[in-house]
>>> print(open('input-v4.cif').read())   # mmCIF, C-alpha atoms and all ligand atoms
data_input
#
loop_
_atom_site.label_atom_id
_atom_site.label_comp_id
_atom_site.auth_asym_id
_atom_site.auth_seq_id
_atom_site.Cartn_x
_atom_site.Cartn_y
_atom_site.Cartn_z
CA MET H 16 -4.55 33.85 178.22
CA HIS H 17 -1.59 32.12 179.79
CA ALA H 18 1.45 31.91 177.55
CA ILE H 19 3.34 28.64 177.15
CA TYR H 20 6.53 28.51 175.11
CA ILE H 21 7.62 25.03 174.04
CA ILE H 22 11.26 24.84 172.98
CA GLY H 23 11.80 22.04 170.48
CA ASP H 24 9.83 20.80 167.49
CA GLY H 25 10.50 17.11 168.04
CA CYS H 26 8.17 14.41 169.31
CA ALA H 27 7.24 15.99 172.65
CA GLY H 28 7.07 19.60 171.44
CA LEU H 29 4.84 18.81 168.49
CA SER H 30 2.73 16.26 170.38
CA LEU H 31 1.89 18.89 173.00
CA ALA H 32 1.35 21.61 170.37
CA ALA H 33 -1.09 19.27 168.57
CA ARG H 34 -3.22 19.24 171.72
CA ALA H 35 -3.49 23.05 171.93
CA GLY H 36 -7.23 22.69 171.37
CA ASP H 37 -7.42 21.03 174.80
CA LEU H 38 -5.81 24.11 176.39
CA PRO H 39 -8.31 26.87 175.48
CA ASP H 40 -7.01 29.24 178.20
CA HIS H 41 -3.44 29.07 176.94
CA GLN H 42 -1.56 30.54 173.98
CA LEU H 43 1.04 28.02 172.86
CA THR H 44 4.15 29.06 170.95
CA LEU H 45 6.49 26.45 169.58
CA VAL H 46 10.07 27.67 169.45
CA ILE H 47 12.26 26.01 166.81
CA PRO H 48 15.63 25.79 168.55
CA GLU H 49 18.87 27.25 167.27
CA GLY H 50 21.77 24.91 166.65
CA ALA H 51 19.62 21.81 166.40
CA PRO H 52 20.96 18.92 164.31
CA PRO H 53 18.93 18.20 161.14
CA SER H 54 15.83 16.12 161.86
CA GLN H 55 16.23 12.46 160.89
CA GLU H 56 13.53 10.11 159.66
CA HIS H 57 13.07 7.06 161.85
CA ILE H 58 10.46 4.66 163.08
CA TRP H 59 8.79 4.70 166.47
CA GLY H 60 7.79 1.29 167.74
CA PHE H 61 5.12 1.04 170.46
CA TRP H 62 2.39 -1.31 171.69
CA ARG H 63 -1.22 -0.25 171.21
CA LEU H 64 -2.64 1.14 174.44
CA PRO H 65 -5.44 3.54 175.38
CA GLY H 66 -4.43 7.12 174.50
CA LEU H 67 -2.51 6.11 171.37
CA ASP H 68 -5.42 5.90 168.92
CA GLU H 69 -4.17 8.67 166.62
CA ALA H 70 -0.68 7.16 166.45
CA VAL H 71 -2.24 3.74 165.81
CA SER H 72 -4.32 5.09 162.95
CA LEU H 73 -1.25 6.72 161.33
CA ALA H 74 1.02 3.71 161.84
CA HIS H 75 2.75 2.17 158.85
CA GLN H 76 2.33 -1.40 160.07
CA ALA H 77 1.34 -3.47 163.09
CA TRP H 78 2.19 -6.99 164.28
CA ALA H 79 0.10 -9.06 166.66
CA THR H 80 3.03 -11.48 167.04
CA TRP H 81 6.63 -10.78 167.96
CA ARG H 82 9.59 -12.81 169.17
CA VAL H 83 12.81 -12.76 171.17
CA VAL H 84 15.60 -15.10 170.03
CA THR H 85 18.88 -16.23 171.60
CA GLU H 86 21.56 -18.69 170.42
CA ASP H 87 19.76 -21.57 172.19
CA THR H 88 16.08 -20.78 172.16
CA SER H 89 13.30 -18.40 171.18
CA ALA H 90 9.98 -17.14 172.50
CA GLU H 91 7.03 -16.06 170.43
CA LEU H 92 4.42 -13.77 171.95
CA ALA H 93 1.07 -12.64 170.61
CA SER H 94 -1.45 -10.02 171.62
CA VAL H 95 -4.66 -9.02 169.91
CA ASN H 96 -5.23 -6.24 172.46
CA HIS H 97 -1.77 -4.68 172.28
CA PRO H 98 -0.16 -5.30 168.89
CA TYR H 99 3.24 -3.72 168.21
CA HIS H 100 3.06 -0.72 165.84
CA ALA H 101 5.59 1.10 163.68
CA LEU H 102 5.08 4.78 162.91
CA TYR H 103 7.30 7.02 160.79
CA ARG H 104 8.52 10.14 162.57
CA SER H 105 7.69 12.36 159.56
CA GLN H 106 4.12 11.05 159.49
CA TRP H 107 3.52 11.84 163.16
CA GLU H 108 5.22 15.23 163.05
CA ALA H 109 3.28 16.35 159.95
CA TYR H 110 0.00 15.31 161.60
CA CYS H 111 0.86 17.18 164.83
CA ARG H 112 2.01 20.29 162.99
CA LYS H 113 -1.24 20.45 161.05
CA ARG H 114 -3.35 20.07 164.19
CA ALA H 115 -1.25 22.64 166.04
CA GLU H 116 -1.55 25.22 163.25
CA LYS H 117 -5.29 24.67 163.12
CA ALA H 118 -5.52 25.27 166.86
CA GLY H 119 -3.64 28.59 166.56
CA VAL H 120 -0.20 27.57 167.83
CA GLN H 121 2.48 30.03 166.75
CA PHE H 122 5.75 28.71 165.37
CA ILE H 123 8.81 30.93 165.83
CA GLU H 124 12.54 30.58 165.28
CA GLN H 125 14.61 30.89 168.43
CA ARG H 126 16.66 34.03 167.94
CA GLU H 127 16.65 35.64 171.33
CA ALA H 128 15.65 34.84 174.91
CA ILE H 129 11.97 34.59 175.78
CA VAL H 130 11.28 37.71 177.82
CA ASP H 131 7.70 37.27 179.04
CA PRO H 132 8.21 36.80 182.83
CA LYS H 133 4.72 35.32 183.29
CA ALA H 134 5.12 32.74 180.53
CA GLN H 135 5.72 29.09 181.27
CA ILE H 136 8.70 27.69 179.36
CA LEU H 137 8.93 24.00 178.53
CA ASP H 138 12.21 22.75 177.13
CA SER H 139 12.34 19.52 175.12
CA ARG H 140 15.96 19.85 173.97
CA PRO H 141 17.99 16.87 175.17
CA SER H 142 19.97 17.26 178.38
CA THR H 143 23.69 16.57 178.62
CA ILE H 144 24.54 12.89 178.90
CA PRO H 145 26.87 12.14 181.82
CA ASN H 146 30.01 10.01 181.33
CA GLY H 147 29.46 6.32 181.96
CA GLN H 148 25.79 6.48 181.01
CA LEU H 149 24.41 3.22 179.58
CA MET H 150 23.06 4.02 176.12
CA GLN H 151 21.08 2.27 173.44
CA HIS H 152 23.24 2.71 170.31
CA PHE H 153 21.94 1.59 166.93
CA ILE H 154 22.02 1.71 163.16
CA GLY H 155 19.02 0.53 161.16
CA TRP H 156 18.71 -0.19 157.46
CA GLU H 157 15.47 -0.23 155.59
CA ILE H 158 15.97 -3.02 153.08
CA SER H 159 14.38 -3.90 149.81
CA ALA H 160 15.11 -7.48 148.70
CA GLU H 161 13.46 -10.20 146.65
CA GLY H 162 10.08 -11.64 147.70
CA GLY H 163 10.17 -14.37 150.33
CA THR H 164 13.04 -12.78 152.30
CA PHE H 165 11.00 -11.76 155.35
CA ASP H 166 7.96 -13.09 157.17
CA PRO H 167 5.68 -10.03 157.60
CA SER H 168 3.50 -11.77 160.16
CA ILE H 169 6.07 -11.58 162.98
CA ALA H 170 8.33 -8.80 164.28
CA THR H 171 11.67 -9.71 165.85
CA LEU H 172 12.23 -7.42 168.82
CA MET H 173 15.53 -8.94 169.88
CA ASP H 174 17.66 -11.57 168.17
CA PHE H 175 20.92 -12.16 170.05
CA ARG H 176 22.37 -14.39 167.31
CA CYS H 177 24.97 -11.75 166.43
CA ASP H 178 28.44 -10.66 167.60
CA GLN H 179 28.34 -10.60 171.42
CA SER H 180 32.06 -9.87 171.84
CA ARG H 181 31.65 -6.15 172.58
CA GLY H 182 28.69 -6.10 174.92
CA ILE H 183 24.90 -6.47 174.80
CA HIS H 184 24.02 -6.68 171.14
CA PHE H 185 20.90 -7.75 169.26
CA ILE H 186 19.17 -7.41 165.91
CA TYR H 187 15.68 -5.87 165.60
CA VAL H 188 13.63 -6.68 162.50
CA LEU H 189 10.35 -5.03 161.49
CA PRO H 190 9.22 -6.81 158.32
CA PHE H 191 6.83 -4.65 156.29
CA SER H 192 6.33 -7.25 153.58
CA GLU H 193 8.07 -10.34 152.23
CA SER H 194 10.57 -8.07 150.51
CA GLU H 195 10.88 -5.01 152.77
CA ALA H 196 11.99 -4.59 156.37
CA LEU H 197 13.76 -2.38 158.85
CA VAL H 198 16.76 -4.33 160.17
CA GLU H 199 18.58 -2.73 163.05
CA SER H 200 21.74 -3.60 164.97
CA THR H 201 21.42 -2.36 168.56
CA MET H 202 23.85 -2.28 171.47
CA PHE H 203 23.26 -1.45 175.12
CA SER H 204 26.64 -0.05 176.08
CA CYS H 205 28.38 3.00 177.53
CA LYS H 206 30.77 3.34 174.58
CA ARG H 207 29.63 3.58 170.95
CA GLU H 208 31.22 1.14 168.55
CA PRO H 209 32.19 2.43 165.09
CA ASP H 210 29.49 2.38 162.39
CA ASP H 211 31.08 -0.56 160.57
CA PHE H 212 30.47 -2.78 163.62
CA PHE H 213 26.69 -2.24 163.30
CA GLU H 214 26.77 -2.43 159.50
CA THR H 215 28.69 -5.71 159.50
CA ALA H 216 26.24 -7.09 162.06
CA ILE H 217 23.26 -6.26 159.83
CA SER H 218 24.77 -7.67 156.67
CA THR H 219 25.96 -10.83 158.47
CA TYR H 220 22.51 -11.32 159.95
CA LEU H 221 20.81 -10.89 156.58
CA GLN H 222 23.16 -13.41 155.07
CA GLU H 223 22.98 -15.98 157.89
CA HIS H 224 19.31 -15.76 158.84
CA HIS H 225 17.59 -14.58 155.66
CA GLY H 226 20.03 -16.03 153.11
CA GLN H 227 20.29 -12.58 151.57
CA HIS H 228 23.27 -10.61 150.26
CA ASP H 229 21.54 -9.03 147.31
CA TYR H 230 19.43 -6.17 148.59
CA THR H 231 19.13 -2.39 148.42
CA VAL H 232 19.37 -0.18 151.48
CA THR H 233 16.59 2.36 150.93
CA ARG H 234 16.96 4.33 154.17
CA VAL H 235 19.35 4.47 157.13
CA GLU H 236 18.52 5.44 160.70
CA LYS H 237 21.04 5.95 163.41
CA GLY H 238 20.73 6.95 167.03
CA ALA H 239 21.70 6.85 170.66
CA ILE H 240 19.14 6.88 173.44
CA PRO H 241 20.15 7.24 177.10
CA MET H 242 19.09 4.42 179.42
CA GLY H 243 18.84 5.31 183.10
CA HIS H 244 18.08 8.39 185.14
CA LEU H 245 19.10 11.71 183.66
CA ARG H 246 19.14 14.95 185.57
CA ARG H 247 16.12 17.06 184.58
CA SER H 248 16.89 20.55 183.31
CA SER H 249 17.18 23.21 185.97
CA GLY H 250 16.44 26.92 185.76
CA PRO H 251 13.20 28.57 184.76
CA ALA H 252 12.40 26.10 181.99
CA VAL H 253 10.72 22.80 182.79
CA GLY H 254 11.95 19.69 180.96
CA LEU H 255 9.53 18.01 178.56
CA GLY H 256 9.73 14.68 176.69
CA GLY H 257 13.11 12.97 176.93
CA ASN H 258 14.33 16.04 178.81
CA GLY H 259 11.41 15.64 181.21
CA GLY H 260 12.18 12.06 182.24
CA ALA H 261 9.96 10.39 179.62
CA ILE H 262 12.48 7.81 178.37
CA LYS H 263 11.97 4.40 179.96
CA PRO H 264 15.39 3.70 181.49
CA SER H 265 15.49 -0.05 180.86
CA SER H 266 14.47 0.04 177.19
CA GLY H 267 14.99 3.52 175.72
CA TYR H 268 11.31 3.57 174.66
CA ALA H 269 9.76 7.03 174.98
CA PHE H 270 7.06 7.54 172.34
CA ALA H 271 4.11 6.17 174.32
CA PHE H 272 5.44 7.70 177.55
CA ILE H 273 5.57 11.16 175.96
CA LYS H 274 1.87 10.85 175.08
CA LYS H 275 1.14 9.84 178.67
CA GLN H 276 3.16 12.78 180.04
CA ILE H 277 1.28 15.22 177.83
CA ALA H 278 -2.14 13.80 178.68
CA THR H 279 -1.38 14.22 182.41
CA ALA H 280 -0.04 17.74 181.85
CA ILE H 281 -3.24 18.75 180.06
CA LYS H 282 -5.38 17.35 182.88
CA SER H 283 -3.33 19.35 185.39
CA ALA H 284 -4.09 22.53 183.43
CA LYS H 285 -7.80 21.81 183.44
CA LYS H 286 -7.72 21.67 187.23
CA ARG H 287 -5.54 24.73 187.78
CA THR H 288 -6.21 26.64 184.55
CA HIS H 289 -2.76 28.26 184.47
CA ARG H 290 0.67 26.57 184.74
CA ILE H 291 0.67 23.03 183.50
CA LYS H 292 2.55 20.40 185.46
CA ILE H 293 5.06 18.25 183.63
CA ARG H 294 6.01 15.09 185.45
CA PRO H 295 8.03 12.02 184.45
CA PRO H 296 5.38 9.56 183.20
CA HIS H 297 6.82 6.59 185.08
CA LYS H 298 5.75 5.28 188.48
CA SER H 299 8.47 5.36 191.18
CA ILE H 300 8.38 1.58 191.59
CA ASP H 301 8.89 1.08 187.83
CA LEU H 302 11.82 3.52 187.86
CA TRP H 303 13.32 1.62 190.78
CA MET H 304 12.90 -1.73 189.01
CA ASP H 305 14.40 -0.25 185.85
CA ASP H 306 17.32 1.12 187.82
CA VAL H 307 18.06 -2.32 189.26
CA PHE H 308 17.71 -3.90 185.80
CA VAL H 309 20.01 -1.31 184.16
CA ASN H 310 22.63 -1.89 186.87
CA VAL H 311 22.44 -5.65 186.31
CA MET H 312 22.97 -5.10 182.57
CA LYS H 313 25.98 -2.87 183.29
CA ASP H 314 27.47 -5.34 185.78
CA TRP H 315 26.64 -8.57 183.91
CA PRO H 316 26.24 -7.79 180.20
CA ASP H 317 26.74 -11.47 179.31
CA ALA H 318 23.53 -12.30 181.20
CA ALA H 319 21.34 -9.97 179.11
CA PRO H 320 20.13 -12.53 176.51
CA ASN H 321 19.05 -14.85 179.33
CA LEU H 322 17.22 -12.01 181.17
CA PHE H 323 15.24 -10.98 178.09
CA ILE H 324 14.39 -14.52 177.00
CA ARG H 325 13.22 -15.36 180.53
CA MET H 326 10.92 -12.37 180.42
CA ALA H 327 9.60 -13.31 176.98
CA ARG H 328 9.05 -16.95 177.98
CA GLY H 329 7.56 -16.15 181.37
CA LEU H 330 4.98 -13.60 180.25
CA ASP H 331 2.16 -13.74 177.73
CA GLY H 332 1.91 -11.14 174.95
CA ASP H 333 -0.44 -8.82 176.87
CA GLU H 334 1.73 -8.94 179.99
CA PHE H 335 4.92 -8.33 178.00
CA ALA H 336 3.40 -5.32 176.21
CA LEU H 337 1.92 -3.85 179.39
CA PHE H 338 5.12 -4.32 181.40
CA LEU H 339 7.31 -2.65 178.79
CA SER H 340 4.77 0.14 178.32
CA GLY H 341 4.82 1.04 182.03
CA GLU H 342 1.31 -0.32 182.63
CA ALA H 343 2.22 -3.17 184.98
CA THR H 344 0.03 -4.02 187.94
CA TRP H 345 1.57 -5.28 191.20
CA PRO H 346 0.90 -8.96 190.36
CA LEU H 347 2.63 -8.45 187.01
CA ARG H 348 5.63 -6.74 188.60
CA LEU H 349 5.94 -9.61 191.07
CA LYS H 350 5.67 -12.10 188.23
CA VAL H 351 8.61 -10.39 186.47
CA ILE H 352 10.65 -10.40 189.69
CA PHE H 353 10.02 -14.15 190.13
CA ILE H 354 10.99 -14.85 186.52
CA MET H 355 14.40 -13.19 186.88
CA PRO H 356 17.46 -15.11 188.16
CA LYS H 357 17.70 -14.01 191.80
CA TRP H 358 21.42 -14.44 192.44
CA ILE H 359 22.51 -12.02 189.74
CA PHE H 360 20.19 -9.27 191.01
CA ILE H 361 21.27 -9.85 194.63
CA ARG H 362 24.96 -9.74 193.62
CA SER H 363 24.48 -6.57 191.60
CA PHE H 364 22.57 -4.98 194.46
CA THR H 365 25.20 -5.84 197.09
CA ARG H 366 27.95 -4.73 194.72
CA ARG H 367 26.26 -1.29 194.48
CA ILE H 368 25.71 -0.98 198.22
CA PHE H 369 29.27 -2.12 198.93
CA GLY H 370 30.60 0.23 196.23
CA ARG H 371 28.78 3.18 197.78
CA TYR H 372 30.00 2.23 201.26
CA THR H 373 33.68 2.03 200.18
CA ALA H 374 33.34 5.29 198.24
CA ARG H 375 32.01 6.96 201.40
CA LEU H 376 34.86 5.49 203.49
CA LYS H 377 37.42 6.72 200.94
CA SER H 378 35.95 10.24 200.88
CA SER H 379 35.88 10.48 204.69
CA ALA H 380 39.51 9.18 205.06
C1 LIG H 401 16.53 7.17 165.82
C2 LIG H 401 15.63 7.00 167.05
C3 LIG H 401 14.73 5.95 167.11
C4 LIG H 401 13.88 5.82 168.21
N1 LIG H 401 12.98 4.80 168.24
C5 LIG H 401 12.10 4.71 169.26
C6 LIG H 401 11.09 3.71 169.25
O1 LIG H 401 11.05 2.86 168.36
N2 LIG H 401 10.19 3.70 170.26
C7 LIG H 401 10.22 4.62 171.27
O2 LIG H 401 9.34 4.60 172.15
N3 LIG H 401 11.19 5.55 171.33
C8 LIG H 401 12.13 5.62 170.35
N4 LIG H 401 13.09 6.61 170.38
C9 LIG H 401 13.21 7.43 171.60
C10 LIG H 401 12.25 8.64 171.67
O3 LIG H 401 10.93 8.27 171.39
C11 LIG H 401 12.66 9.75 170.75
O4 LIG H 401 13.96 10.16 171.07
C12 LIG H 401 11.73 10.97 170.82
O5 LIG H 401 11.94 11.70 169.66
C13 LIG H 401 11.96 11.86 172.04
O6 LIG H 401 11.17 13.02 171.90
P1 LIG H 401 11.66 14.44 172.42
O7 LIG H 401 10.70 15.44 171.98
O8 LIG H 401 12.00 14.33 173.86
O9 LIG H 401 13.06 14.65 171.65
P2 LIG H 401 13.24 14.95 170.10
O10 LIG H 401 12.13 14.41 169.32
O11 LIG H 401 14.62 14.48 169.78
O12 LIG H 401 13.19 16.55 170.03
C14 LIG H 401 14.21 17.30 170.63
C15 LIG H 401 14.18 18.74 170.14
O13 LIG H 401 15.41 19.35 170.56
C16 LIG H 401 16.14 19.79 169.41
N5 LIG H 401 17.55 19.57 169.62
C17 LIG H 401 18.20 18.38 169.66
N6 LIG H 401 19.51 18.58 169.87
C18 LIG H 401 19.68 19.93 169.95
C19 LIG H 401 20.82 20.77 170.14
N7 LIG H 401 22.03 20.25 170.29
N8 LIG H 401 20.63 22.10 170.15
C20 LIG H 401 19.41 22.64 170.02
N9 LIG H 401 18.31 21.91 169.83
C21 LIG H 401 18.45 20.56 169.80
C22 LIG H 401 15.57 19.00 168.24
O14 LIG H 401 15.75 19.71 167.02
C23 LIG H 401 14.11 18.89 168.63
O15 LIG H 401 13.46 20.08 168.28
C24 LIG H 401 13.96 6.75 169.30
C25 LIG H 401 14.92 7.78 169.23
C26 LIG H 401 15.74 7.91 168.14
C27 LIG H 401 16.75 9.04 168.13
#
>>> encode(input="input-v4.cif", output="structure tokens", more="lines below")
Ligand SMILES: Cc1cc2nc3c(=O)[nH]c(=O)nc-3n(C[C@H](O)[C@H](O)[C@H](O)COP(=O)(O)OP(=O)(O)OC[C@H]3O[C@@H](n4cnc5c(N)ncnc54)[C@H](O)[C@@H]3O)c2cc1C
Amino acid sequence: MHAIYIIGDGCAGLSLAARAGDLPDHQLTLVIPEGAPPSQEHIWGFWRLPGLDEAVSLAHQAWATWRVVTEDTSAELASVNHPYHALYRSQWEAYCRKRAEKAGVQFIEQREAIVDPKAQILDSRPSTIPNGQLMQHFIGWEISAEGGTFDPSIATLMDFRCDQSRGIHFIYVLPFSESEALVESTMFSCKREPDDFFETAISTYLQEHHGQHDYTVTRVEKGAIPMGHLRRSSGPAVGLGGNGGAIKPSSGYAFAFIKKQIATAIKSAKKRTHRIKIRPPHKSIDLWMDDVFVNVMKDWPDAAPNLFIRMARGLDGDEFALFLSGEATWPLRLKVIFIMPKWIFIRSFTRRIFGRYTARLKSSA
């Protein structure tokens, strides 16, 4: 038996542990890390794709229609093949834990170093975020209000009709019924604004776009997800999940990518029957496109609403879901490139190249 220690009982750790039955030649041990912040309930949003059937079946709600809105216009997209799903973290983790226990995974508290020199160690604890990193910062409120407040047939992925004075900012609404929804204020920025900025944005939005000031906040979620390349952990442990390059740089989405990373890792074990290979689940071309996109957002934050609405108007629902889920084909990638305003990407690109060149000149002077 080959020993695998997984450090971290979050999404990636538990999702891999749940698949222990697919690794019959391995003994998996899940190490609950020391010093971890308390786990927080939140919702994972993802589009239905092959490989996500269990998550789909546990999901709280799904929408076949979603929209992107700016001050001037909006785009509505629909997909029967790839509806958008919302899954509670606690629901997924409980399911994975149960499957893992059934498959004989051991759960231990991290008290001392793992000493087995032959064991493979996978580390899903988050890596350090470098200064200047673009982040997705957000606060979400689950709201209970009177009937007729929300339209449960359509999810709002991005609504830019909110305070744009401090950077890229939008509201995300997942309506569970006419009276219940998750309403989130999200910023793509390097610096986090104080909580009251997000809270004011949510309450203003509810007032202005749902005519609502009388509601109860039943749950709060809060987070920060890095956008862009992060250095993978070095040393004997191999990074897994967010720490293994699973977060999509341009969106902060990771749930579906973690499943993809784990499925590939399990296949690699079947071939080699000992160490499993953990790779970032993104194709190099997609990472490159994301990198360019993230740099454009950093350089031209005012352009962000236009970039997202162009994408939403230029693609159909299937294409939009596949592109954002890392399942784009070459024709789809080219379609996205043609939809985007060229000058802004060229200017951002030359700015980077020029910036690098002057930095090199300065360092050699
Ligand atoms: C609030 C929130 C909402 C999100 N929503 C979505 C979404 O809608 N769709 C989507 O695709 N992605 C979403 N993400 C991004 C991503 O899917 C999650 O971050 C996902 O949980 C990453 O899985 P992971 O296993 O890499 O990290 P985690 O699930 O965060 O697990 C990390 C592990 O490391 C431990 N740990 C953390 N910090 C420390 C520390 N300082 N010391 C020791 N141990 C530590 C934790 O206890 C845990 O065991 C969201 C993230 C957050 C935070």
>>> closest_residue(input="input-v4.cif", among="H:Arg234, H:Lys117, H:Arg328, H:His225", to="ligand LIG 401 (chain H)", atoms="all atoms listed in the file")
H:Arg234
>>> atom_distance(input="input-v4.cif", atom1="CA of Gln151 in chain H", atom2="CA of Gly238 in chain H")
7.9 Å
>>> residues_around(input="input-v4.cif", residues="Val253 in chain H", least_positions_apart="3", cutoff="12 Å", atoms="all atoms listed in the file", output="NGL selection string")
:H and (19-22 or 134-140 or 142 or 246-250 or 256-260 or 280 or 290-295)
>>> write_last_selection(input="input-v4.cif", atoms="C-alpha atoms", output="compact mmCIF listing (two decimals), in the coordinates of the input")
# COMPACT_ATOMS: atom_id res chain seq x y z
CA ILE H 19 3.34 28.64 177.15
CA TYR H 20 6.53 28.51 175.11
CA ILE H 21 7.62 25.03 174.04
CA ILE H 22 11.26 24.84 172.98
CA ALA H 134 5.12 32.74 180.53
CA GLN H 135 5.72 29.09 181.27
CA ILE H 136 8.70 27.69 179.36
CA LEU H 137 8.93 24.00 178.53
CA ASP H 138 12.21 22.75 177.13
CA SER H 139 12.34 19.52 175.12
CA ARG H 140 15.96 19.85 173.97
CA SER H 142 19.97 17.26 178.38
CA ARG H 246 19.14 14.95 185.57
CA ARG H 247 16.12 17.06 184.58
CA SER H 248 16.89 20.55 183.31
CA SER H 249 17.18 23.21 185.97
CA GLY H 250 16.44 26.92 185.76
CA GLY H 256 9.73 14.68 176.69
CA GLY H 257 13.11 12.97 176.93
CA ASN H 258 14.33 16.04 178.81
CA GLY H 259 11.41 15.64 181.21
CA GLY H 260 12.18 12.06 182.24
CA ALA H 280 -0.04 17.74 181.85
CA ARG H 290 0.67 26.57 184.74
CA ILE H 291 0.67 23.03 183.50
CA LYS H 292 2.55 20.40 185.46
CA ILE H 293 5.06 18.25 183.63
CA ARG H 294 6.01 15.09 185.45
CA PRO H 295 8.03 12.02 184.45
>>> atom_distance(input="input-v4.cif", atom1="CA of Gly182 in chain H", atom2="CA of Lys350 in chain H")
27.3 Å
>>> closest_atom_pairs(input="input-v4.cif", of="chain H", to="ligand LIG 401 (chain H)", cutoff="6 Å", atoms="only C-alpha atoms and all ligand atoms", output="tab-separated table")
residue	atom	partner	partner_atom	distance
H:Gly23	CA	H:LIG401	O15	3.4
H:Asp24	CA	H:LIG401	O15	3.8
H:Gly25	CA	H:LIG401	O12	3.4
H:Cys26	CA	H:LIG401	O7	3.8
H:Ala27	CA	H:LIG401	O7	3.6
H:Gly28	CA	H:LIG401	O7	5.5
H:Pro48	CA	H:LIG401	N9	4.9
H:Glu49	CA	H:LIG401	C20	5.4
H:Gly50	CA	H:LIG401	N8	4.6
H:Ala51	CA	H:LIG401	N9	3.7
H:Pro52	CA	H:LIG401	N6	5.8
H:His57	CA	H:LIG401	C1	5.3
H:Ile58	CA	H:LIG401	O1	5.6
H:Trp59	CA	H:LIG401	O1	3.5
H:Gly60	CA	H:LIG401	O1	3.7
H:Phe61	CA	H:LIG401	N2	5.7
H:Ser139	CA	H:LIG401	C14	5.3
H:Arg140	CA	H:LIG401	O13	3.5
H:Pro141	CA	H:LIG401	C17	5.7
H:Glu236	CA	H:LIG401	C1	5.8
H:Lys237	CA	H:LIG401	C1	5.3
H:Gly238	CA	H:LIG401	C1	4.4
H:Ala239	CA	H:LIG401	C27	6.0
H:Gly256	CA	H:LIG401	O8	3.6
H:Gly257	CA	H:LIG401	O8	3.5
H:Asn258	CA	H:LIG401	O8	5.7
H:Gly267	CA	H:LIG401	C9	6.0
H:Tyr268	CA	H:LIG401	O2	3.4
H:Ala269	CA	H:LIG401	O2	3.8
H:Phe270	CA	H:LIG401	O2	3.7
H:Ala271	CA	H:LIG401	O2	5.9
>>> residues_around(input="input-v4.cif", residues="range 323-326 of chain H", least_positions_apart="2", cutoff="7 Å", atoms="only C-alpha atoms", output="number ranges by chain")
H: 83, 90, 319-321, 328-330, 351, 354-355
>>> atom_distance(input="input-v4.cif", atom1="CA of Asp229 in chain H", atom2="CA of Thr171 in chain H")
21.0 Å
>>> residues_around(input="input-v4.cif", residues="Ile240 in chain H", least_positions_apart="6", cutoff="12 Å", atoms="all atoms listed in the file", output="PyMOL selection string")
chain H and resi 141-144+148-154+201-205+207+257-258+261-269
>>> closest_residue(input="input-v4.cif", among="H:Arg367, H:Arg104, H:His297, H:Lys206", to="Thr279 in chain H", atoms="all atoms listed in the file")
H:His297
>>> residues_near_point(input="input-v4.cif", point="(5.8, -16.1, 169.1)", cutoff="12 Å", atoms="all atoms listed in the file", output="mmCIF file with C-alpha atoms, in the frame of the given file")
data_model
loop_
_atom_site.group_PDB
_atom_site.id
_atom_site.type_symbol
_atom_site.label_atom_id
_atom_site.label_comp_id
_atom_site.auth_asym_id
_atom_site.auth_seq_id
_atom_site.Cartn_x
_atom_site.Cartn_y
_atom_site.Cartn_z
ATOM 1 C CA TRP H 78 2.190 -6.990 164.280
ATOM 2 C CA ALA H 79 0.100 -9.060 166.660
ATOM 3 C CA THR H 80 3.030 -11.480 167.040
ATOM 4 C CA TRP H 81 6.630 -10.780 167.960
ATOM 5 C CA ARG H 82 9.590 -12.810 169.170
ATOM 6 C CA VAL H 83 12.810 -12.760 171.170
ATOM 7 C CA VAL H 84 15.600 -15.100 170.030
ATOM 8 C CA THR H 88 16.080 -20.780 172.160
ATOM 9 C CA SER H 89 13.300 -18.400 171.180
ATOM 10 C CA ALA H 90 9.980 -17.140 172.500
ATOM 11 C CA GLU H 91 7.030 -16.060 170.430
ATOM 12 C CA LEU H 92 4.420 -13.770 171.950
ATOM 13 C CA ALA H 93 1.070 -12.640 170.610
ATOM 14 C CA SER H 94 -1.450 -10.020 171.620
ATOM 15 C CA SER H 168 3.500 -11.770 160.160
ATOM 16 C CA ILE H 169 6.070 -11.580 162.980
ATOM 17 C CA ALA H 170 8.330 -8.800 164.280
ATOM 18 C CA THR H 171 11.670 -9.710 165.850
ATOM 19 C CA LEU H 172 12.230 -7.420 168.820
ATOM 20 C CA ILE H 324 14.390 -14.520 177.000
ATOM 21 C CA ALA H 327 9.600 -13.310 176.980
ATOM 22 C CA ARG H 328 9.050 -16.950 177.980
ATOM 23 C CA LEU H 330 4.980 -13.600 180.250
ATOM 24 C CA ASP H 331 2.160 -13.740 177.730
ATOM 25 C CA GLY H 332 1.910 -11.140 174.950
ATOM 26 C CA PHE H 335 4.920 -8.330 178.000
#
>>> closest_residue(input="input-v4.cif", among="H:His289, H:Ala278, H:Gln222, H:Thr85", to="Phe185 in chain H", atoms="all atoms listed in the file")
H:Thr85
>>> closest_residue(input="input-v4.cif", among="H:His41, H:Thr231, H:Pro296, H:Pro190", to="Gln276 in chain H", atoms="only C-alpha atoms")
H:Pro296
>>> closest_residue(input="input-v4.cif", among="H:His75, H:Tyr99, H:Ala284, H:Leu245", to="Pro39 in chain H", atoms="all atoms listed in the file")
H:Ala284
